[in-house]
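Visitor: Provided below: final-v5.cif, containing mmCIF, C-alpha atoms.
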data_query
loop_
_atom_site.label_atom_id
_atom_site.label_comp_id
_atom_site.auth_asym_id
_atom_site.auth_seq_id
_atom_site.Cartn_x
_atom_site.Cartn_y
_atom_site.Cartn_z
CA MET A 1 20.64 -30.77 -39.25
CA ASP A 2 17.48 -30.35 -37.19
CA ASN A 3 15.64 -27.13 -37.96
CA SER A 4 15.17 -26.49 -34.25
CA THR A 5 18.93 -25.87 -33.88
CA GLU A 6 19.01 -23.20 -36.58
CA ILE A 7 16.81 -20.59 -34.87
CA VAL A 8 19.11 -17.73 -33.85
CA SER A 9 16.63 -14.84 -34.01
CA PHE A 10 12.93 -14.07 -33.75
CA VAL A 11 10.90 -11.91 -36.12
CA LEU A 12 8.54 -9.38 -34.52
CA ALA A 13 5.81 -9.60 -37.15
CA ALA A 14 3.38 -7.11 -35.59
CA TYR A 15 5.31 -4.16 -37.02
CA GLY A 16 4.38 -5.00 -40.60
CA ASN A 17 5.01 -2.42 -43.29
CA ILE A 18 4.23 1.05 -41.97
CA GLY A 19 5.87 2.95 -44.83
CA ASN A 20 6.70 6.61 -44.28
CA LEU A 21 4.56 6.70 -41.13
CA LYS A 22 7.55 5.21 -39.36
CA TYR A 23 9.05 8.70 -39.07
CA LEU A 24 5.92 9.99 -37.33
CA TYR A 25 5.69 6.97 -35.01
CA PHE A 26 9.39 7.21 -34.24
CA SER A 27 9.12 10.90 -33.31
CA ILE A 28 6.07 10.36 -31.09
CA MET A 29 7.61 7.40 -29.26
CA LEU A 30 10.95 9.15 -28.83
CA VAL A 31 9.33 12.26 -27.32
CA TRP A 32 7.16 10.10 -25.07
CA TYR A 33 10.11 7.99 -23.90
CA LEU A 34 12.22 11.08 -23.17
CA SER A 35 9.29 12.60 -21.25
CA ILE A 36 9.06 9.45 -19.12
CA CYS A 37 12.78 9.52 -18.37
CA VAL A 38 12.88 13.24 -17.62
CA SER A 39 9.81 13.33 -15.35
CA ASN A 40 10.87 10.28 -13.32
CA THR A 41 14.49 11.44 -13.13
CA ILE A 42 13.45 14.86 -11.81
CA LEU A 43 11.47 13.23 -9.01
CA ILE A 44 14.30 10.87 -8.10
CA VAL A 45 16.76 13.78 -7.94
CA VAL A 46 14.35 15.89 -5.89
CA ILE A 47 13.81 13.11 -3.34
CA TYR A 48 17.54 12.38 -3.17
CA MET A 49 18.60 16.01 -2.70
CA ASP A 50 15.92 17.09 -0.21
CA ARG A 51 16.56 15.45 3.16
CA ARG A 52 13.07 16.38 4.28
CA LEU A 53 11.83 13.77 1.81
CA HIS A 54 14.00 10.99 3.23
CA GLU A 55 10.93 9.29 4.68
CA PRO A 56 9.66 5.74 4.05
CA MET A 57 6.86 6.80 1.69
CA TYR A 58 9.15 8.89 -0.51
CA ILE A 59 11.89 6.23 -0.54
CA LEU A 60 9.34 3.70 -1.78
CA LEU A 61 8.20 6.25 -4.36
CA CYS A 62 11.79 6.74 -5.50
CA ASN A 63 12.05 2.99 -6.08
CA LEU A 64 8.82 3.13 -8.08
CA PHE A 65 10.09 6.01 -10.26
CA LEU A 66 13.33 4.12 -10.91
CA ASN A 67 11.37 1.03 -11.91
CA GLU A 68 9.24 3.06 -14.34
CA MET A 69 12.38 4.13 -16.17
CA GLY A 70 13.71 0.57 -16.14
CA GLY A 71 10.50 -0.87 -17.55
CA SER A 72 10.30 1.82 -20.24
CA THR A 73 13.95 1.33 -21.21
CA SER A 74 13.33 -2.39 -21.66
CA VAL A 75 10.70 -1.68 -24.33
CA TYR A 76 11.13 1.71 -26.02
CA PRO A 77 14.70 1.36 -27.41
CA LEU A 78 13.71 -1.85 -29.19
CA LEU A 79 10.52 -0.25 -30.49
CA LEU A 80 12.48 2.72 -31.81
CA SER A 81 15.15 0.59 -33.47
CA GLN A 82 12.56 -1.67 -35.11
CA MET A 83 10.89 1.32 -36.73
CA PHE A 84 13.70 1.51 -39.30
CA SER A 85 14.31 -2.23 -39.64
CA ASP A 86 13.27 -4.08 -42.76
CA THR A 87 13.35 -7.55 -41.21
CA HIS A 88 12.24 -6.72 -37.62
CA GLU A 89 14.54 -9.42 -36.30
CA VAL A 90 15.83 -9.65 -32.75
CA THR A 91 18.42 -12.18 -31.65
CA LEU A 92 17.54 -14.74 -28.99
CA PRO A 93 19.86 -13.27 -26.30
CA TRP A 94 18.41 -9.77 -26.77
CA CYS A 95 14.88 -11.17 -26.80
CA PHE A 96 15.46 -13.07 -23.56
CA LEU A 97 17.12 -10.02 -22.01
CA GLN A 98 14.11 -7.90 -22.88
CA MET A 99 11.78 -10.50 -21.38
CA CYS A 100 13.85 -10.50 -18.19
CA CYS A 101 13.66 -6.71 -17.87
CA VAL A 102 9.98 -6.39 -18.83
CA TYR A 103 8.67 -9.14 -16.57
CA THR A 104 10.95 -8.35 -13.65
CA CYS A 105 9.95 -4.67 -13.76
CA SER A 106 6.27 -5.65 -13.94
CA SER A 107 6.66 -7.77 -10.82
CA ILE A 108 8.56 -4.97 -9.06
CA GLU A 109 5.70 -2.59 -9.92
CA PHE A 110 3.04 -4.73 -8.24
CA CYS A 111 5.27 -5.51 -5.25
CA SER A 112 6.12 -1.83 -4.83
CA LEU A 113 2.42 -0.96 -4.78
CA ALA A 114 1.93 -3.63 -2.11
CA ALA A 115 4.77 -2.15 -0.04
CA MET A 116 3.29 1.33 -0.38
CA ALA A 117 -0.13 0.03 0.68
CA TYR A 118 1.51 -1.51 3.76
CA ASP A 119 3.25 1.81 4.46
CA ARG A 120 -0.09 3.67 4.32
CA HIS A 121 -1.69 1.01 6.50
CA VAL A 122 0.96 1.50 9.20
CA CYS A 123 0.77 5.30 8.89
CA ILE A 124 -3.03 5.44 9.23
CA CYS A 125 -3.67 2.55 11.61
CA TYR A 126 -0.59 2.90 13.85
CA PRO A 127 0.48 6.56 13.58
CA LEU A 128 2.25 6.62 16.95
CA HIS A 129 4.40 3.60 16.08
CA TYR A 130 4.98 4.54 12.43
CA ASN A 131 8.61 5.64 12.82
CA ALA A 132 9.48 2.56 14.84
CA ILE A 133 7.82 0.11 12.44
CA MET A 134 8.90 1.78 9.17
CA SER A 135 12.51 2.37 10.16
CA THR A 136 15.23 2.92 7.57
CA GLY A 137 16.44 -0.65 8.02
CA ARG A 138 12.91 -2.02 7.56
CA VAL A 139 12.38 0.01 4.37
CA GLY A 140 15.72 -1.18 2.99
CA ALA A 141 14.78 -4.79 3.74
CA ILE A 142 11.43 -4.31 2.01
CA LEU A 143 13.11 -2.91 -1.13
CA LEU A 144 15.64 -5.75 -1.18
CA LEU A 145 12.84 -8.28 -0.80
CA ILE A 146 10.89 -6.68 -3.67
CA TRP A 147 13.80 -6.94 -6.10
CA MET A 148 14.86 -10.44 -5.04
CA TYR A 149 11.29 -11.74 -5.11
CA SER A 150 10.65 -10.29 -8.58
CA PHE A 151 13.91 -11.53 -10.07
CA ALA A 152 13.50 -15.03 -8.59
CA ASN A 153 9.93 -15.12 -9.89
CA PHE A 154 11.09 -14.43 -13.44
CA ILE A 155 14.04 -16.84 -13.25
CA PHE A 156 11.72 -19.66 -12.19
CA SER A 157 9.27 -19.05 -15.04
CA PHE A 158 12.13 -18.50 -17.51
CA SER A 159 13.70 -21.83 -16.51
CA PHE A 160 10.96 -23.51 -18.57
CA ILE A 161 12.15 -21.68 -21.72
CA ILE A 162 15.89 -22.39 -21.43
CA PRO A 163 15.75 -26.09 -22.46
CA LEU A 164 13.30 -25.49 -25.35
CA ARG A 165 14.28 -26.04 -28.98
CA PHE A 166 12.47 -23.77 -31.41
CA CYS A 167 10.93 -24.76 -34.72
CA GLY A 168 9.49 -21.31 -35.52
CA ASN A 169 10.70 -17.75 -35.18
CA VAL A 170 7.74 -15.43 -35.85
CA ILE A 171 6.30 -13.56 -32.85
CA ASP A 172 3.12 -11.66 -33.64
CA LYS A 173 3.89 -8.81 -31.28
CA VAL A 174 6.09 -5.71 -31.10
CA PHE A 175 8.17 -7.08 -28.23
CA CYS A 176 9.23 -10.51 -26.97
CA ASP A 177 6.43 -12.27 -25.13
CA HIS A 178 6.85 -15.22 -22.77
CA HIS A 179 3.88 -17.29 -23.96
CA LEU A 180 4.40 -16.56 -27.67
CA VAL A 181 8.05 -17.64 -27.39
CA ILE A 182 6.98 -20.92 -25.79
CA LYS A 183 4.47 -21.51 -28.62
CA LEU A 184 7.40 -21.49 -31.08
CA ALA A 185 8.98 -24.53 -29.42
CA CYS A 186 9.00 -27.89 -31.20
CA SER A 187 7.46 -29.59 -28.17
CA VAL A 188 6.13 -28.05 -24.97
CA SER A 189 5.20 -29.63 -21.67
CA VAL A 190 2.05 -28.69 -19.81
CA LEU A 191 4.09 -26.99 -17.08
CA ALA A 192 6.02 -24.91 -19.61
CA SER A 193 2.82 -23.79 -21.36
CA MET A 194 1.40 -22.66 -18.01
CA SER A 195 4.58 -21.04 -16.70
CA ASP A 196 3.40 -17.55 -17.68
CA LEU A 197 0.18 -18.11 -15.72
CA PHE A 198 2.24 -19.07 -12.67
CA PHE A 199 4.27 -15.90 -13.12
CA ALA A 200 1.06 -13.85 -13.35
CA PHE A 201 -0.29 -15.44 -10.17
CA VAL A 202 2.88 -14.78 -8.16
CA THR A 203 3.28 -11.29 -9.67
CA MET A 204 -0.29 -10.06 -9.43
CA VAL A 205 -2.47 -12.15 -7.13
CA ILE A 206 -0.15 -12.37 -4.12
CA PRO A 207 0.71 -8.61 -4.03
CA PHE A 208 -2.94 -7.76 -4.69
CA SER A 209 -3.97 -9.89 -1.70
CA LEU A 210 -1.58 -7.92 0.51
CA ILE A 211 -2.88 -4.64 -0.91
CA LEU A 212 -6.47 -5.72 -0.30
CA VAL A 213 -5.76 -6.62 3.32
CA SER A 214 -4.07 -3.25 3.89
CA TYR A 215 -6.93 -1.30 2.33
CA VAL A 216 -9.58 -3.21 4.28
CA LYS A 217 -7.80 -2.34 7.53
CA ILE A 218 -7.42 1.28 6.42
CA LEU A 219 -11.12 1.42 5.56
CA SER A 220 -12.12 -0.03 8.93
CA VAL A 221 -10.11 2.69 10.69
CA CYS A 222 -11.43 5.47 8.44
CA LEU A 223 -15.05 4.54 9.17
CA ASN A 224 -14.46 5.22 12.86
CA THR A 225 -12.67 8.54 12.55
CA SER A 226 -13.58 12.12 11.72
CA LYS A 227 -14.69 13.24 8.28
CA GLU A 228 -11.52 15.28 7.79
CA ASN A 229 -9.21 12.37 8.59
CA ARG A 230 -11.33 10.07 6.44
CA HIS A 231 -10.98 12.44 3.48
CA LYS A 232 -7.21 12.70 4.04
CA ALA A 233 -6.81 8.92 4.13
CA ILE A 234 -8.87 8.43 0.98
CA SER A 235 -6.92 11.11 -0.90
CA THR A 236 -3.69 9.39 0.14
CA CYS A 237 -4.80 5.97 -1.12
CA THR A 238 -6.47 7.16 -4.35
CA PRO A 239 -3.26 7.33 -6.46
CA GLN A 240 -2.43 3.75 -5.52
CA ILE A 241 -5.89 2.55 -6.50
CA VAL A 242 -5.66 4.35 -9.85
CA SER A 243 -2.18 2.98 -10.52
CA LEU A 244 -3.16 -0.55 -9.52
CA SER A 245 -6.28 -0.45 -11.72
CA ASN A 246 -4.22 0.74 -14.66
CA MET A 247 -1.72 -2.10 -14.13
CA PHE A 248 -4.50 -4.67 -14.06
CA VAL A 249 -6.04 -3.30 -17.26
CA GLY A 250 -2.67 -3.43 -19.01
CA ALA A 251 -2.00 -6.97 -17.74
CA ILE A 252 -5.41 -8.15 -18.96
CA PHE A 253 -4.76 -6.70 -22.42
CA HIS A 254 -1.37 -8.39 -22.49
CA PHE A 255 -2.56 -11.88 -21.54
CA VAL A 256 -5.67 -11.77 -23.73
CA ASP A 257 -3.55 -10.76 -26.73
CA SER A 258 -1.03 -13.54 -26.02
CA ARG A 259 -3.33 -16.43 -25.18
CA PHE A 260 -6.49 -15.91 -27.22
CA ASP A 261 -7.26 -15.57 -30.90
CA VAL A 262 -7.94 -11.87 -31.50
CA ALA A 263 -7.75 -11.99 -35.28
CA HIS A 264 -10.97 -9.94 -35.53
CA VAL A 265 -9.17 -7.01 -33.86
CA THR A 266 -7.23 -4.75 -36.20
CA ASN A 267 -3.45 -4.88 -36.00
CA LYS A 268 -3.10 -1.23 -34.88
CA VAL A 269 -5.56 -1.74 -32.01
CA ARG A 270 -3.73 -4.90 -30.93
CA ILE A 271 -0.40 -3.08 -30.88
CA ILE A 272 -1.83 -0.21 -28.82
CA LEU A 273 -3.41 -2.60 -26.32
CA SER A 274 -0.27 -4.74 -26.05
CA VAL A 275 1.91 -1.72 -25.14
CA TYR A 276 -0.83 0.03 -23.13
CA ILE A 277 0.89 -0.59 -19.81
CA PHE A 278 4.23 0.76 -21.08
CA VAL A 279 2.63 3.90 -22.51
CA PHE A 280 0.40 5.10 -19.68
CA GLN A 281 1.76 3.63 -16.44
CA PRO A 282 5.23 5.29 -16.60
CA MET A 283 3.55 8.71 -17.00
CA ILE A 284 0.72 8.14 -14.53
CA THR A 285 3.14 7.30 -11.72
CA PRO A 286 5.20 10.54 -11.63
CA PHE A 287 2.13 12.77 -11.91
CA MET A 288 -0.20 10.82 -9.61
CA TYR A 289 2.43 10.17 -6.93
CA GLY A 290 5.10 12.79 -7.53
CA PHE A 291 4.09 16.22 -8.75
CA LYS A 292 0.67 15.94 -7.09
CA LEU A 293 2.14 15.65 -3.58
CA PRO A 294 2.54 19.06 -1.84
CA LYS A 295 5.94 18.23 -0.30
CA ILE A 296 7.43 17.17 -3.63
CA ARG A 297 5.96 20.21 -5.42
CA ALA A 298 7.43 22.52 -2.79
CA SER A 299 10.79 20.76 -3.02
CA CYS A 300 10.78 21.09 -6.83
CA LYS A 301 10.17 24.83 -6.51
CA ARG A 302 12.99 25.21 -4.00
CA LEU A 303 15.45 23.33 -6.21
CA LEU A 304 14.42 25.17 -9.37
CA PHE A 305 14.25 28.73 -8.07
CA TYR A 306 16.62 28.81 -5.11
#
Translate this file's structure into structure tokens.

Guide:
Amino acid sequence: MDNSTEIVSFVLAAYGNIGNLKYLYFSIMLVWYLSICVSNTILIVVIYMDRRLHEPMYILLCNLFLNEMGGSTSVYPLLLSQMFSDTHEVTLPWCFLQMCCVYTCSSIEFCSLAAMAYDRHVCICYPLHYNAIMSTGRVGAILLLIWMYSFANFIFSFSFIIPLRFCGNVIDKVFCDHHLVIKLACSVSVLASMSDLFFAFVTMVIPFSLILVSYVKILSVCLNTSKENRHKAISTCTPQIVSLSNMFVGAIFHFVDSRFDVAHVTNKVRIILSVYIFVFQPMITPFMYGFKLPKIRASCKRLLFY
């Protein structure tokens, strides 16, 4: 029998042997994961319950908070379960499911930031027509487009993995990675080896281009307005710039670790950099977008104390 037909699971080799430190790592990750879920859930509930927050910006934020929980849930449960595993094996279906969730949520994140940039562009550049342009139906269509676009993007790139036959099963990472899975195949076409780069282009470059256009138009309007309005516009866009920068840093770490030889980097540093985006982004979002906004803070106080 061909060895390529016998691969039923992958080994996540980056965990190694951490000894008794696994209890410490498990506790830290569990607390962090629960904090992500609690903070994002609070904001979703607040926006849902307070009708004064049923506005386009807050609906888009609610989608972003939901995606943060989805992306975290696609990574943290596997990390926690692998802490107490001796073999660090994950079956192919679970590995592919994790890849679907991780990459789809990453695409949704960038597309959501693009939608929010468009929302700010309409609000600042066309304030009198804002309610007409960003109607409830338009916002719903934008959210549907974000999810369909992201899922279709992953399905296309994943279609290059489906027909592959694997001759190896060791992934040098703490979660399933698109490019590293392809490298385990017995034979790989040029298109398959570049499928993750296509996914990165569609996921990052296209939304970033839309964000850039929106910010350029916002900047052109801000330069011709009063200092007070200019400060207000900049303070509104700052969280998006911080979040987008953090996403790009995490994506760069991810692709460098997957595609280049980083043997000179210690294993612990590589693990931290590979999960950077899943550690910081889900906590940056609720605090930069949620609890920092006056309306959401006031709504939280009303729900908690009254």

Visitor: Go through A:Gly290, A:Cys176, A:Cys222, A:Ser299 one by one, measure the shortest atom-to-atom distance of each to Thr41 (chain A) using all atoms listed in the file, and give the residue with the smallest value.

Guide: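 Among the listed residues, the smallest separation from Thr41 (chain A) belongs to A:Gly290.
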
Visitor: For region 191-235 of chain A versus region 120-139 of chain A, which residues have an atom no more than 9 Å away, and what is each residue's nearest atom pair and distance in Å rounded to one decimal, using all atoms listed in the file, chain-then-number order, as a Markdown table?

Guide:
| residue | atom | partner | partner_atom | distance |
| --- | --- | --- | --- | --- |
| A:Ser214 | CA | A:His121 | CA | 5.5 |
| A:Tyr215 | CA | A:His121 | CA | 7.1 |
| A:Lys217 | CA | A:His121 | CA | 7.0 |
| A:Ile218 | CA | A:His121 | CA | 5.7 |
| A:Val221 | CA | A:Cys125 | CA | 6.5 |
| A:Cys222 | CA | A:Ile124 | CA | 8.4 |
| A:Ala233 | CA | A:Ile124 | CA | 7.2 |

Visitor: Would you mind exporting C-alpha atoms of the selected residues as a JSON list (two decimals), in the frame of the given file?

Guide:
[["chain", "number", "residue", "atom", "x", "y", "z"],
["A", 214, "SER", "CA", -4.07, -3.25, 3.89],
["A", 215, "TYR", "CA", -6.93, -1.30, 2.33],
["A", 217, "LYS", "CA", -7.80, -2.34, 7.53],
["A", 218, "ILE", "CA", -7.42, 1.28, 6.42],
["A", 221, "VAL", "CA", -10.11, 2.69, 10.69],
["A", 222, "CYS", "CA", -11.43, 5.47, 8.44],
["A", 233, "ALA", "CA", -6.81, 8.92, 4.13]]

Visitor: If we draw a sphere of 12 Å around (-9.1, 7.2, 0.3), which residues have at least one atom in it when counting all atoms listed in the file? Please report them as a PyMOL selection string.

Guide: chain A and resi 117+120-121+124+215-216+218-223+227-242

Visitor: Could you please determine the separation between CA of Met57 (chain A) and CA of Ala115 (chain A) in Å, to one decimal place?

Guide: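 Computing the Euclidean distance for CA of Met57 (chain A) and CA of Ala115 (chain A) yields 9.4 Å.
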
Visitor: Point out the residue among A:Pro77, A:Ile36, A:Gln281, A:Tyr58 with the least atom-to-atom distance to Ile296 (chain A), counting all atoms listed in the file.

Guide: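 Result for the nearest residue to Ile296 (chain A): A:Tyr58.
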